[in-house]
Amino acid sequence: MSLVPAFVLITILAFILVYAWPSIVFNGTTFFTSYIWNVGISSRPPVMVRGFLVPPNASFGALLFIESTLLSSGLAILIAFPVSFLVSLSVELYLPGRAKRPLVSLIELFAGIPSVVYGLWGIVVLEPLLLHNIEPWMSANLYFIPGFSGEVLTGSGIIASGLILSLMIAPIITSVMVNSFDSAPSEIKQGLVSLGATKWELGKYLATGYSRSSTYGGALLGLGRALGETMAVLMVSGGIVNVLPTSIYSGINTMAAAIVAYLDSAIGQGTGINLSALAELSLFLLAISLVVNLLGRRIAGRGALRGVENDKF
Amino acid sequence: MINSDMHGNEIKWKRRSSRKARDIAARILGYLALGFMLAILVSIFAYIIKGGAAAVSWNILTTYGNTSDGGVLNGIIGTWELVGMGLLFSLIPGVFGAIYLTQSVSRKHVADAMRLFTDVLTSVPSIVIGLFGYLVLVIKFNLGYSLVAGGLALGIMMLPYIMRITEMSFRNIQREQVMNAYALGADNVNVTTRILLPQASAGILSGILLAISIAAGETAQLLYTASFNSAGLPSGLTHSPVGYLTYFVWNGINQPSAYAHNLAFISAMILIISVTVLILISKYEDVVGRLLRRILGPLGVIINRVFVEAPSEKEDKGTSKGEKKWKK
């Protein structure tokens, strides 16, 4: 029975690989170099291209999706990491001990809120706020930063996705950090305090010194979750097709969101190559999620994650 | 204050006041970050519950509907049917897997590898499970859009949580107690049913609740495994699509009509409230656990009496494999 997870994981990998194989052969490297994803004209009879029957005009370049995923997840980690550090600092060191458990539970609620609810909140609250207030201000005042100049057309896009993702991964990073502060030997903490360290210095030393590995590991675990997040990002990313983002206000379309968006048309497509291309996209997404997650666990080490495993990651 | 080290070089001391100022700045920033997070949490709950409560009516809660018309009852029932199905597929492998990991795996690196696979399974993106579910369960195994396909897709997601948390609650049991049981001649089955399961029942329950709360909020796995059923409840286990609340949220808010938006808000409100309750119970499992242990403690003994005969010739199994395992 302990082998069931391993079996499931290998089965998923194997099947996705098998289904992705025609697309891997058909696309070759253009999958990573082209950003044009065209499902083809399904009303016309399929044509033979490079030994495969495909709908006319079909082309599968995932560059836009890969870039979108990296941009939104990167922004998410840029926001979530310092916020989580500050939150864990205040919860762990500045606030009275009895406030810690309820506060940490509240922060961890963020990990439990369904992603469609984030999407709903993003559409109703965040997007109007970004479109009418925050993004025009940024465009007018921060234009000297590369990528910050440009026209604000919608509230959805990189910033909305990054913000929503940062909310979803902050509890992961926070609980790893709080836990690593907790599990640091009290000799070290007391030693620092008796040498006259302020609480800030204590926190800084623990995060960048003694508990360094769980700090980085926690960030990677958060990143791993951000990469694969589907529904919330689908709802606030803008669902852009065939245009690379030009500024931070541009709409995007992440890998996970694109799989949902294109699956419906791929299912109805007779040649099967569209489905296979989505399988290839899934395979790539799965591969980077697994690598980032494994790396995070490797760096954080088993000890650092003990006790925070009840959380959603 | 000494201003030079033993070689006479001048030491630059950071002024105490600047260190103090930095500490105060960190404290303020920390409170701001915490306040910011809590404000967003309040904003999410307030908007969803306000939107849901303003539109909710008894009629909507008790009629079937598609996402633009009717009610959300098929979503409510469908969600719990799917989650129950997921639990059915994940509970037994999860709990037995954890028992096996604690009791029977003697080599440490084998157990570690099994744990790693379990942990890594949680990082598989939900849409990848969804696509796998569509390609393999719905098409290849010919289950159709159905309760079983959707339940299996959810079960894949729930399994690692149940297994890891169950195992963790086993590990939290005092080792002396387990050792004493072995010393008194208990075998692995006895130890499992009389000590591990009753003692860990609260932990296991909290794992199950957490897994349920995660599964209830999932969408991407279900879109192409359970599809959506606007006519009502699924008519069978296979080849009959199921409706669920998250679909109401996603599809409803993407439609132009205000009624669809209302249904989305109501569904989101039901989801967020049930998930919050489940998570809070699972986070405060020690409080719940104290109650539960009182009830379930004797149950483990009863299970043992019913299913396992009293040990007769097994008395000299004191140094069984299990005991060595616990000794480490």
# chains A, B, ... in the order shown; residues from 1 in each chain; ligands from 1

call {"tool": "residues_around", "arguments": {"residues": "Phe26 of chain A", "least_positions_apart": "4", "cutoff": "9 Å", "atoms": "only C-alpha atoms", "output": "PyMOL selection string"}}
result
chain A and resi 21-22+49-52+273

call {"tool": "residues_around", "arguments": {"residues": "Ile40 of chain B", "least_positions_apart": "5", "cutoff": "12 Å", "atoms": "only C-alpha atoms", "output": "MDAnalysis selection string"}}
result
(chainID A and resid 106:107 109:110 118 121:122 125:126 163:164 166:168) or (chainID B and resid 33:35 45:47)

call {"tool": "write_last_selection", "arguments": {"atoms": "C-alpha atoms", "output": "mmCIF file, in the first residue's frame"}}
result
data_model
loop_
_atom_site.group_PDB
_atom_site.id
_atom_site.type_symbol
_atom_site.label_atom_id
_atom_site.label_comp_id
_atom_site.auth_asym_id
_atom_site.auth_seq_id
_atom_site.Cartn_x
_atom_site.Cartn_y
_atom_site.Cartn_z
ATOM 1 C CA LEU A 106 -5.311 32.308 9.755
ATOM 2 C CA ILE A 107 -2.375 32.664 7.388
ATOM 3 C CA LEU A 109 -6.297 29.499 5.631
ATOM 4 C CA PHE A 110 -4.947 31.148 2.489
ATOM 5 C CA TYR A 118 -9.356 33.389 -5.551
ATOM 6 C CA TRP A 121 -12.172 37.615 -5.876
ATOM 7 C CA GLY A 122 -9.531 38.513 -8.452
ATOM 8 C CA VAL A 125 -12.044 43.086 -6.524
ATOM 9 C CA LEU A 126 -8.470 42.938 -7.719
ATOM 10 C CA LEU A 163 -0.555 38.849 -6.780
ATOM 11 C CA ILE A 164 -3.097 36.033 -6.575
ATOM 12 C CA SER A 166 1.618 35.192 -4.061
ATOM 13 C CA LEU A 167 -1.399 34.932 -1.744
ATOM 14 C CA MET A 168 -1.648 31.232 -2.470
ATOM 15 C CA ALA B 33 2.853 42.592 6.330
ATOM 16 C CA LEU B 34 0.708 40.664 8.779
ATOM 17 C CA GLY B 35 -1.971 43.340 8.661
ATOM 18 C CA PHE B 45 -14.295 36.486 2.936
ATOM 19 C CA ALA B 46 -16.277 39.722 3.048
ATOM 20 C CA TYR B 47 -16.772 40.028 -0.710
#

call {"tool": "select_by_dssp", "arguments": {"residues": "segment 12-216 of chain A", "states": "alpha helix (DSSP H)", "output": "number ranges by chain"}}
result
A: 12-27, 30-33, 63-89, 100-112, 115-121, 127-129, 135-141, 158-183, 186-194, 199-205, 212-216

call {"tool": "atom_distance", "arguments": {"atom1": "atom CA of Leu17 of chain A", "atom2": "atom CA of Leu285 of chain A"}}
result
12.1 Å

call {"tool": "residues_around", "arguments": {"residues": "His132 of chain A", "least_positions_apart": "2", "cutoff": "10 Å", "atoms": "only C-alpha atoms", "output": "JSON, numbers by chain"}}
result
{"A": [127, 128, 129, 130, 134, 135, 136, 137, 152, 153, 154, 155]}

call {"tool": "write_last_selection", "arguments": {"atoms": "C-alpha atoms", "output": "short mmCIF file (atom, residue, chain, number, x, y, z; two decimals), in the first residue's frame"}}
result
data_model
loop_
_atom_site.label_atom_id
_atom_site.label_comp_id
_atom_site.auth_asym_id
_atom_site.auth_seq_id
_atom_site.Cartn_x
_atom_site.Cartn_y
_atom_site.Cartn_z
CA GLU A 127 -8.84 43.54 -11.45
CA PRO A 128 -10.91 46.75 -11.18
CA LEU A 129 -8.51 48.03 -8.54
CA LEU A 130 -5.50 47.29 -10.75
CA ILE A 134 -2.78 50.85 -9.33
CA GLU A 135 -1.64 50.12 -12.87
CA PRO A 136 -2.26 53.63 -14.30
CA TRP A 137 -0.30 55.05 -11.36
CA VAL A 152 -2.85 49.71 -19.31
CA LEU A 153 -5.63 47.97 -21.21
CA THR A 154 -7.04 45.43 -18.76
CA GLY A 155 -6.71 44.56 -15.11
#

call {"tool": "atom_distance", "arguments": {"atom1": "atom CA of Gly155 of chain B", "atom2": "atom CA of Pro171 of chain A"}}
result
23.6 Å

call {"tool": "residues_around", "arguments": {"residues": "Ser88 of chain A", "least_positions_apart": "3", "cutoff": "6 Å", "atoms": "only C-alpha atoms", "output": "mmCIF file with C-alpha atoms, in the first residue's frame"}}
result
data_model
loop_
_atom_site.group_PDB
_atom_site.id
_atom_site.type_symbol
_atom_site.label_atom_id
_atom_site.label_comp_id
_atom_site.auth_asym_id
_atom_site.auth_seq_id
_atom_site.Cartn_x
_atom_site.Cartn_y
_atom_site.Cartn_z
ATOM 1 C CA SER A 84 6.245 35.735 4.387
ATOM 2 C CA PHE A 85 9.552 36.565 6.020
ATOM 3 C CA VAL A 91 4.446 36.177 14.488
ATOM 4 C CA GLU A 92 7.484 34.438 15.873
ATOM 5 C CA THR A 174 5.411 31.301 6.067
ATOM 6 C CA VAL A 178 7.921 29.770 11.290
#

call {"tool": "residues_around", "arguments": {"residues": "segment 67-81 of chain A", "least_positions_apart": "6", "cutoff": "9 Å", "atoms": "only C-alpha atoms", "output": "PyMOL selection string"}}
result
chain A and resi 157-171+173-174+219-220+222-228+233+237+244-245+251-256

call {"tool": "closest_residue", "arguments": {"among": "A:Asn133, A:Asn57, A:Ser289, A:Asn38", "to": "Glu229 of chain A", "atoms": "only C-alpha atoms"}}
result
A:Ser289

call {"tool": "residues_around", "arguments": {"residues": "Ser139 of chain A", "least_positions_apart": "4", "cutoff": "10 Å", "atoms": "only C-alpha atoms", "output": "ChimeraX atom specification"}}
result
/A:134-135,143-145,147-152,247-249
